[in-house]
Amino acid sequence: MHALDHTDLHYLHYLRKTKSLHSLGRLAASPDTEIPSIVASQSSGYGGGLAYEYRRRGLSIWIGTRRPWDGDPDRHVTWTQVRRHVSRYATSEFIDTFRATDSKWCRAMAGDQTPGVLHRRTDAQRQTVAELETLLRLLAAPIWDAATTIEDEPQQLDLFA
């Protein structure tokens, strides 16, 4: 398996349900940094018809009312699958642009830090953060959108038609 294909359509769906596009963009731009960070965070949750846990080997999903303590996951997305998907769709142009924009977002979020002074963002700063967040989502979306990345189901050719 080289990347996620038509049989794995639900994997992209679950990745997008459990992580924001900003987080997925970071994952695509820096998988060697983000995967260990995600695993270390022990991120998990449930609601909306699924439970999930990010684990050492990938994302485990329990569907419906099943929970991790009920047994093995219903679905599992391995980090190898994610890395293959990212290596196929995250171009160097995307990586450079995403990292530069994310760096601007981080600086905008932090704002000017004066020791001993509580920082409050101005309306203009909040607007800048919102604009950068929108741009980050737009940059990441094509990489994690099934319509642009999932390979179509192979078509059977009818040689006798």
# chains A, B, ... in the order shown; residues from 1 in each chain; ligands from 1
>>> select_by_dssp(residues="range 15-122 of chain A", states="strand (DSSP E)", output="ChimeraX atom specification")
/A:44-47,50-55,58-63,75-78
>>> write_last_selection(atoms="N, CA and C atoms", output="compact mmCIF listing (two decimals), in the first residue's frame")
# COMPACT_ATOMS: atom_id res chain seq x y z
N SER A 44 -7.02 11.70 22.98
CA SER A 44 -8.14 10.77 22.82
C SER A 44 -9.43 11.54 23.04
N GLY A 45 -10.53 10.91 22.69
CA GLY A 45 -11.82 11.54 22.90
C GLY A 45 -12.94 10.67 22.41
N TYR A 46 -14.15 11.11 22.66
CA TYR A 46 -15.30 10.41 22.13
C TYR A 46 -16.47 11.36 22.02
N GLY A 47 -17.38 10.99 21.14
CA GLY A 47 -18.55 11.80 20.85
C GLY A 47 -18.85 11.73 19.38
N LEU A 50 -18.21 8.17 17.67
CA LEU A 50 -16.94 7.48 17.65
C LEU A 50 -16.11 7.82 18.89
N ALA A 51 -15.21 6.93 19.20
CA ALA A 51 -14.19 7.15 20.22
C ALA A 51 -12.85 6.96 19.52
N TYR A 52 -11.82 7.68 19.96
CA TYR A 52 -10.52 7.54 19.30
C TYR A 52 -9.40 7.70 20.31
N GLU A 53 -8.28 7.11 19.95
CA GLU A 53 -7.04 7.27 20.71
C GLU A 53 -5.88 7.32 19.72
N TYR A 54 -5.04 8.32 19.87
CA TYR A 54 -3.80 8.36 19.12
C TYR A 54 -2.78 7.58 19.93
N ARG A 55 -2.22 6.55 19.32
CA ARG A 55 -1.32 5.63 20.00
C ARG A 55 0.02 5.58 19.30
N GLY A 58 -0.48 4.48 15.74
CA GLY A 58 -1.41 5.22 14.88
C GLY A 58 -2.68 5.60 15.59
N LEU A 59 -3.71 5.85 14.81
CA LEU A 59 -5.01 6.28 15.31
C LEU A 59 -5.95 5.08 15.37
N SER A 60 -6.47 4.80 16.57
CA SER A 60 -7.44 3.73 16.76
C SER A 60 -8.82 4.33 16.91
N ILE A 61 -9.82 3.72 16.23
CA ILE A 61 -11.18 4.24 16.20
C ILE A 61 -12.15 3.15 16.66
N TRP A 62 -13.06 3.54 17.55
CA TRP A 62 -14.18 2.68 17.96
C TRP A 62 -15.45 3.38 17.50
N ILE A 63 -16.30 2.67 16.79
CA ILE A 63 -17.47 3.27 16.16
C ILE A 63 -18.73 2.97 16.96
N ARG A 75 -11.44 0.34 13.59
CA ARG A 75 -10.57 0.82 12.52
C ARG A 75 -9.24 1.27 13.13
N HIS A 76 -8.19 1.22 12.29
CA HIS A 76 -6.89 1.69 12.75
C HIS A 76 -6.16 2.31 11.56
N VAL A 77 -5.67 3.52 11.74
CA VAL A 77 -4.86 4.20 10.73
C VAL A 77 -3.44 4.20 11.27
N THR A 78 -2.54 3.55 10.56
CA THR A 78 -1.16 3.48 11.05
C THR A 78 -0.38 4.74 10.69
>>> select_by_dssp(residues="range 24-72 of chain A", states="helix (DSSP H, G or I)", output="number ranges by chain")
A: 24-29, 31-41, 68-70
>>> residues_around(residues="range 92-105 of chain A", least_positions_apart="5", cutoff="7 Å", atoms="only C-alpha atoms", output="list in words")
Ala29, Val129, Leu132, Leu136 and Leu139 of chain A
>>> write_last_selection(atoms="N, CA, C and O atoms", output="PDB file, in the first residue's frame")
ATOM      1  N   ALA A  29       3.341  18.901   7.174  1.00  0.00           N
ATOM      2  CA  ALA A  29       4.555  19.701   6.971  1.00  0.00           C
ATOM      3  C   ALA A  29       5.752  19.149   7.743  1.00  0.00           C
ATOM      4  O   ALA A  29       6.895  19.308   7.303  1.00  0.00           O
ATOM      5  N   VAL A 129      -4.868  36.861  13.517  1.00  0.00           N
ATOM      6  CA  VAL A 129      -4.850  35.449  13.896  1.00  0.00           C
ATOM      7  C   VAL A 129      -5.909  34.684  13.109  1.00  0.00           C
ATOM      8  O   VAL A 129      -5.644  33.599  12.574  1.00  0.00           O
ATOM      9  N   LEU A 132      -4.833  34.256   9.438  1.00  0.00           N
ATOM     10  CA  LEU A 132      -3.777  33.259   9.300  1.00  0.00           C
ATOM     11  C   LEU A 132      -4.315  31.845   9.517  1.00  0.00           C
ATOM     12  O   LEU A 132      -3.929  30.912   8.809  1.00  0.00           O
ATOM     13  N   LEU A 136      -4.126  28.802   6.889  1.00  0.00           N
ATOM     14  CA  LEU A 136      -3.550  27.496   7.236  1.00  0.00           C
ATOM     15  C   LEU A 136      -4.516  26.363   6.902  1.00  0.00           C
ATOM     16  O   LEU A 136      -4.115  25.321   6.380  1.00  0.00           O
ATOM     17  N   LEU A 139      -4.545  25.910   3.145  1.00  0.00           N
ATOM     18  CA  LEU A 139      -3.329  25.251   2.678  1.00  0.00           C
ATOM     19  C   LEU A 139      -3.374  23.744   2.932  1.00  0.00           C
ATOM     20  O   LEU A 139      -2.973  22.937   2.096  1.00  0.00           O
TER      21      LEU A 139
END
>>> closest_residue(among="A:Ala147, A:Pro36, A:Cys106, A:Gly116", to="His22 in chain A", atoms="only C-alpha atoms")
A:Cys106
>>> closest_residue(among="A:Ile143, A:Ala108, A:Ile35, A:Val86", to="Gln127 in chain A", atoms="only C-alpha atoms")
A:Ala108
>>> atom_distance(atom1="CA of Asp72 in chain A", atom2="CA of Arg56 in chain A")
15.0 Å
